[in-house]
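S.K.: Contents of coords_11.cif (mmCIF, C-alpha atoms) are given next:
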```cif
data_coords
loop_
_atom_site.group_PDB
_atom_site.id
_atom_site.type_symbol
_atom_site.label_atom_id
_atom_site.label_comp_id
_atom_site.auth_asym_id
_atom_site.auth_seq_id
_atom_site.Cartn_x
_atom_site.Cartn_y
_atom_site.Cartn_z
ATOM 1 C CA MET B 1 0.000 0.000 0.000
ATOM 2 C CA THR B 2 1.195 3.533 -0.574
ATOM 3 C CA ASP B 3 2.119 5.709 2.385
ATOM 4 C CA LEU B 4 -1.091 7.679 1.803
ATOM 5 C CA VAL B 5 -3.178 4.519 2.139
ATOM 6 C CA ALA B 6 -1.152 3.576 5.227
ATOM 7 C CA MET B 7 -2.200 6.894 6.782
ATOM 8 C CA GLY B 8 -5.837 5.857 6.338
ATOM 9 C CA VAL B 9 -5.062 2.446 7.824
ATOM 10 C CA TYR B 10 -3.516 4.133 10.893
ATOM 11 C CA ARG B 11 -6.685 6.177 11.356
ATOM 12 C CA GLY B 12 -8.982 3.179 10.879
ATOM 13 C CA LEU B 13 -7.029 1.076 13.349
ATOM 14 C CA HIS B 14 -6.995 3.921 15.873
ATOM 15 C CA THR B 15 -10.787 4.373 15.673
ATOM 16 C CA ARG B 16 -11.166 0.649 16.391
ATOM 17 C CA GLY B 17 -8.873 0.830 19.405
ATOM 18 C CA LEU B 18 -6.029 -1.088 17.743
ATOM 19 C CA SER B 19 -2.459 0.105 18.078
ATOM 20 C CA VAL B 20 0.381 0.088 15.557
ATOM 21 C CA PRO B 21 2.527 -2.032 15.786
ATOM 22 C CA ASP B 22 1.248 -3.859 18.904
ATOM 23 C CA ALA B 23 -1.955 -5.124 17.266
ATOM 24 C CA VAL B 24 -1.135 -4.649 13.578
ATOM 25 C CA SER B 25 2.092 -3.956 11.686
ATOM 26 C CA VAL B 26 1.790 -1.452 8.841
ATOM 27 C CA VAL B 27 4.186 -1.043 5.909
ATOM 28 C CA GLY B 28 3.849 1.584 3.196
ATOM 29 C CA PHE B 29 5.375 1.952 -0.225
ATOM 30 C CA ASP B 30 6.920 5.124 -1.648
ATOM 31 C CA ASN B 31 8.441 6.930 1.370
ATOM 32 C CA THR B 32 6.522 10.175 0.805
ATOM 33 C CA TYR B 33 7.177 13.345 2.772
ATOM 34 C CA PHE B 34 4.015 13.223 4.921
ATOM 35 C CA ARG B 35 4.958 9.846 6.447
ATOM 36 C CA ARG B 36 7.031 11.796 8.952
ATOM 37 C CA PHE B 37 3.790 13.034 10.544
ATOM 38 C CA LEU B 38 2.604 9.518 11.387
ATOM 39 C CA HIS B 39 3.056 8.099 14.855
ATOM 40 C CA PRO B 40 4.642 5.653 15.186
ATOM 41 C CA PRO B 41 6.950 6.389 12.239
ATOM 42 C CA LEU B 42 5.937 4.349 9.199
ATOM 43 C CA THR B 43 8.077 1.505 7.859
ATOM 44 C CA THR B 44 8.134 2.018 4.100
ATOM 45 C CA VAL B 45 9.780 0.919 0.882
ATOM 46 C CA ASP B 46 11.778 3.772 -0.605
ATOM 47 C CA LEU B 47 11.318 4.197 -4.324
ATOM 48 C CA PRO B 48 14.237 6.008 -5.971
ATOM 49 C CA ARG B 49 12.335 8.584 -8.010
ATOM 50 C CA SER B 50 15.244 9.559 -10.246
ATOM 51 C CA GLU B 51 15.800 5.897 -11.141
ATOM 52 C CA LEU B 52 12.075 5.471 -11.755
ATOM 53 C CA SER B 53 12.104 8.485 -14.076
ATOM 54 C CA ARG B 54 15.076 7.070 -15.953
ATOM 55 C CA LEU B 55 13.291 3.739 -16.365
ATOM 56 C CA VAL B 56 10.123 5.411 -17.631
ATOM 57 C CA VAL B 57 12.139 7.200 -20.305
ATOM 58 C CA GLU B 58 13.881 3.931 -21.188
ATOM 59 C CA VAL B 59 10.562 2.089 -21.457
ATOM 60 C CA LEU B 60 9.152 4.780 -23.704
ATOM 61 C CA ARG B 61 12.234 4.617 -25.931
ATOM 62 C CA GLU B 62 12.178 0.842 -26.150
ATOM 63 C CA ARG B 63 8.429 0.163 -26.224
ATOM 64 C CA ALA B 64 8.692 -1.975 -29.322
ATOM 65 C CA ARG B 65 11.152 -4.388 -27.679
ATOM 66 C CA SER B 66 10.152 -6.549 -24.764
ATOM 67 C CA LYS B 67 12.736 -6.136 -22.056
ATOM 68 C CA LYS B 68 12.484 -6.853 -18.346
ATOM 69 C CA LEU B 69 13.456 -3.810 -16.304
ATOM 70 C CA THR B 70 14.318 -3.858 -12.618
ATOM 71 C CA LEU B 71 13.928 -0.956 -10.232
ATOM 72 C CA PRO B 72 15.928 -1.271 -7.006
ATOM 73 C CA THR B 73 14.032 -0.471 -3.816
ATOM 74 C CA GLN B 74 14.956 -0.271 -0.144
ATOM 75 C CA LEU B 75 12.841 -1.234 2.864
ATOM 76 C CA ILE B 76 13.075 1.535 5.473
ATOM 77 C CA CYS B 77 12.254 0.036 8.873
ATOM 78 C CA ARG B 78 10.566 2.342 11.328
ATOM 79 C CA SER B 79 8.249 1.840 14.290
ATOM 80 C CA SER B 80 5.086 0.717 12.466
ATOM 81 C CA THR B 81 6.188 -2.924 12.345
ATOM 82 C CA ALA B 82 6.811 -5.452 15.087
ATOM 83 C CA ALA B 83 7.605 -9.130 15.326
ATOM 84 C CA SER B 84 4.470 -11.248 15.440
ATOM 85 C CA ARG B 85 3.550 -13.044 18.631
ATOM 86 C CA THR B 86 3.638 -16.614 17.309
ATOM 87 C CA ARG B 87 5.915 -18.459 14.900
ATOM 88 C CA ALA B 88 2.974 -19.287 12.587
ATOM 89 C CA GLU B 89 1.966 -15.627 12.387
ATOM 90 C CA SER B 90 5.577 -14.705 11.734
ATOM 91 C CA VAL B 91 5.753 -16.990 8.719
ATOM 92 C CA ASN B 92 2.410 -15.848 7.295
ATOM 93 C CA VAL B 93 2.252 -12.191 8.194
ATOM 94 C CA HIS B 94 5.858 -11.032 8.181
ATOM 95 C CA ALA B 95 7.251 -12.878 5.176
ATOM 96 C CA GLY B 96 9.947 -10.624 3.827
ATOM 97 C CA LEU B 97 10.150 -8.364 6.874
ATOM 98 C CA GLY B 98 13.064 -10.159 8.540
ATOM 99 C CA ALA B 99 15.285 -7.224 7.636
ATOM 100 C CA CYS B 100 13.274 -5.002 9.978
ATOM 101 C CA ARG B 101 13.850 -7.264 12.939
ATOM 102 C CA SER B 102 17.611 -7.365 12.397
ATOM 103 C CA ARG B 103 18.187 -3.657 11.771
ATOM 104 C CA SER B 104 17.878 -0.726 14.091
ATOM 105 C CA ARG B 105 14.772 1.442 13.785
ATOM 106 C CA ILE B 106 14.974 4.891 12.181
#
```
Once you've parsed the file, please lay out its structure as structure tokens.

M.R.:
Amino acid sequence: MTDLVAMGVYRGLHTRGLSVPDAVSVVGFDNTYFRRFLHPPLTTVDLPRSELSRLVVEVLRERARSKKLTLPTQLICRSSTAASRTRAESVNVHAGLGACRSRSRI
């Protein structure tokens, strides 16, 4: 979900009496400027906008050829995620978030 959608999720969880990350972990995608106003700070995937722009231009130039393009991203761990309470939940809910548990929070 984008960081903007994550903001709505924070609000919805709050109105239902659920806390982030104690009850639910939330991760956004795009590392937008307003994420800094969320509490707790939002874990997000940073999208390098200059690289994205370069890829868009490349795709437009090479539309006729089919070529797989890769855009590197970076998971930015903040306080909106937590380890799940059980091993089963950890496997199902936090697949791919192991990096957050092993790195310090920003």

S.K.: Within 9 Å of Met1 of chain B, counting all atoms listed in the file, which residues qualify if same-chain residues fewer than 5 places away don't, as an mmCIF file with C-alpha atoms, in the coordinates of the input?

M.R.:
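result_7.cif, written as the output of this step:
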```
data_model
loop_
_atom_site.group_PDB
_atom_site.id
_atom_site.type_symbol
_atom_site.label_atom_id
_atom_site.label_comp_id
_atom_site.auth_asym_id
_atom_site.auth_seq_id
_atom_site.Cartn_x
_atom_site.Cartn_y
_atom_site.Cartn_z
ATOM 1 C CA ALA B 6 -1.152 3.576 5.227
ATOM 2 C CA VAL B 27 4.186 -1.043 5.909
ATOM 3 C CA GLY B 28 3.849 1.584 3.196
ATOM 4 C CA PHE B 29 5.375 1.952 -0.225
ATOM 5 C CA ASP B 30 6.920 5.124 -1.648
#
```

S.K.: Given all atoms listed in the file as the basis, pick out the residue of B:Ser19, B:Thr44, B:Ser79, B:Gln74 nearest to Asn31 of chain B.

M.R.: B:Thr44

S.K.: Would you work out the distance separating atom CA of Pro72 of chain B from atom CA of Gly8 of chain B, expressed in Å to one decimal?

M.R.: 26.5 Å

S.K.: Which residues are close to segment 35-43 of chain B, i.e. within 9 Å by all atoms listed in the file, leaving aside same-chain residues fewer than 3 positions away? Reply as a CSV table (one decimal) with C-alpha atoms, in the frame of the given file.

M.R.:
```csv
chain,number,residue,atom,x,y,z
B,3,ASP,CA,2.1,5.7,2.4
B,4,LEU,CA,-1.1,7.7,1.8
B,6,ALA,CA,-1.2,3.6,5.2
B,7,MET,CA,-2.2,6.9,6.8
B,10,TYR,CA,-3.5,4.1,10.9
B,20,VAL,CA,0.4,0.1,15.6
B,21,PRO,CA,2.5,-2.0,15.8
B,25,SER,CA,2.1,-4.0,11.7
B,26,VAL,CA,1.8,-1.5,8.8
B,27,VAL,CA,4.2,-1.0,5.9
B,28,GLY,CA,3.8,1.6,3.2
B,29,PHE,CA,5.4,2.0,-0.2
B,31,ASN,CA,8.4,6.9,1.4
B,32,THR,CA,6.5,10.2,0.8
B,75,LEU,CA,12.8,-1.2,2.9
B,76,ILE,CA,13.1,1.5,5.5
B,77,CYS,CA,12.3,0.0,8.9
B,78,ARG,CA,10.6,2.3,11.3
B,79,SER,CA,8.2,1.8,14.3
B,80,SER,CA,5.1,0.7,12.5
B,81,THR,CA,6.2,-2.9,12.3
B,100,CYS,CA,13.3,-5.0,10.0
B,105,ARG,CA,14.8,1.4,13.8
B,106,ILE,CA,15.0,4.9,12.2
```

S.K.: Record the distance separating atom CA of Ala83 of chain B and atom CA of Leu47 of chain B, expressed in Å with one decimal.

M.R.: 24.0 Å
